Every structure is written in structure tokens, then in C-alpha cells.
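Encoded as C-alpha cells, the structure appears first; notes follow it.
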Amino acid sequence: MLALFPQILFLAPFAAALIRLAVAIIFALSAWGHFSQTPLLARIFAIVEIAVAIALGVGSWTQPAALVGVLVLIAHLSIPQLRVYPRSTIALALIMTLSLVVTGPGAFAFDLPL
């Protein structure tokens with residue numbers, strides 16, 4: 001299929017980088033919300049979310065960090081006490097994280113291609 005705007009196809013690597021940074025912000029804000037809670041499970045999830053947010057934000061080990069992020073987001077959907085965001089936001093973040101597993105880190109990442 002022909003592209004509607006073929007002049008901007010050079011920006012394709014930046015799309016994955018933008019998705020990666022958006023998911024990193026979602027995980028960082030979720031960790032911030034979990035640190036304010038008192039249960040130990042919420043604080044453990046906050047530590048994992050901070051690690052995933054840093055890895056995705058910097059762009060190192062993007063695909064393994066995205067896989068851990070998928071597991072964390074599935075736990076958010078299944079355990080109501082862990083929800084900081086509505087289900088729709090968690091589902092969108094899950095889809096974005098799965099796309100990072102498939103597409104890779106994008107531009108401005110420190111990952112080495114396999």
C-alpha cells in the first residue's frame with residue numbers, strides 16, 4: 001500500500017522511541033503512586049516499576065524490560081489493590097509494551113541488535 005506522506009517515512013525509528021518514553025512515564029508515575037501506599041506488595045511493585053521505567057527511559061535492555069513490564073501490567077489488571085490507573089489506561093500500556101517487545105527499542109537506545 002502506498003504511503004500518504006512518503007516524505008516522513010524517515011521518522012519511523014522515532015515512533016518506537018516515543019512509545020518507549022511514554023511507557024516509561026506511565027511506569028514511573030505508577031511507582032510514585034505505589035510508594036505512597038503502606039502494603040509491602042505495593043512497595044515491591046513500585047521497586048520493579050522504577051527499574052522498568054529506568055530501563056525503558058534510558059533504552060537499555062528494552063525488550064527484557066518490556067517483558068517484565070507486561071507481567072507487571074497483567075498483575076495490575078488482575079489485582080485490584082494495585083491499580084493506580086483505570087483499566088483502559090493499563091490495557092493501552094499493555095499493548096504499547098507488547099509492541100516494544102516486537103519492534104525493539106527504536107532510536108536513541110543503547111540496545112545492541114541481536
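Each chain of the C-alpha cells is named A, B, ... in the order shown, its residues numbered from 1; ligands are numbered from 1 in display order.
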
Find the spatial neighbours of Arg87 of chain A, counting only C-alpha atoms, within a cut-off of 9 Å - ignore same-chain residues fewer than 3 positions away - and output them as a PyMOL selection string.
chain A and resi 76-77+83+90-92

Convert the current residue selection to file output with C-alpha atoms, as a tab-separated table (two decimals), in the first residue's frame.
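For reference, part_38.tsv as written:
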```
chain	number	residue	atom	x	y	z
A	76	HIS	CA	-2.28	-4.62	37.70
A	77	LEU	CA	-5.25	-5.89	35.73
A	83	ARG	CA	-4.42	-0.27	40.31
A	90	ILE	CA	-3.45	-0.20	31.84
A	91	ALA	CA	-4.72	-2.02	28.74
A	92	LEU	CA	-3.27	0.67	26.47
```

So that I can see what lies close to segment 93-100 of chain A, please list as an MDAnalysis selection string the residues with an atom at most 12 Å from it, counting only C-alpha atoms and leaving out residues fewer than 3 positions away in the same chain.
chainID A and resid 13 15:27 30 52:53 56 59 61:77 85:90 103:106

Which residues come within 12 Å of Leu40 of chain A, counting only C-alpha atoms, excluding same-chain residues fewer than 6 positions away, as a list in words?
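What passes the distance filter is His34, Ala46, Ile47, Gln81 and Leu82 of chain A.
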
To one decimal in Å, tell me the separation between atom CA of Gly33 of chain A and atom CA of Phe108 of chain A.
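Distance between the two atoms: 28.1 Å.
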
Using the chain letters and numbers from this document, which residues of chain A does DSSP assign to helix (DSSP H, G or I), as a ChimeraX atom specification?
/A:6-35,40-58,62-78,80-82,87-103

Tell me which of A:Val84, A:Val58, A:Ala107, A:Ala51 sits closest to Phe10 of chain A, counting only C-alpha atoms.
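Using only C-alpha atoms, Phe10 of chain A sits closest to A:Ala107.
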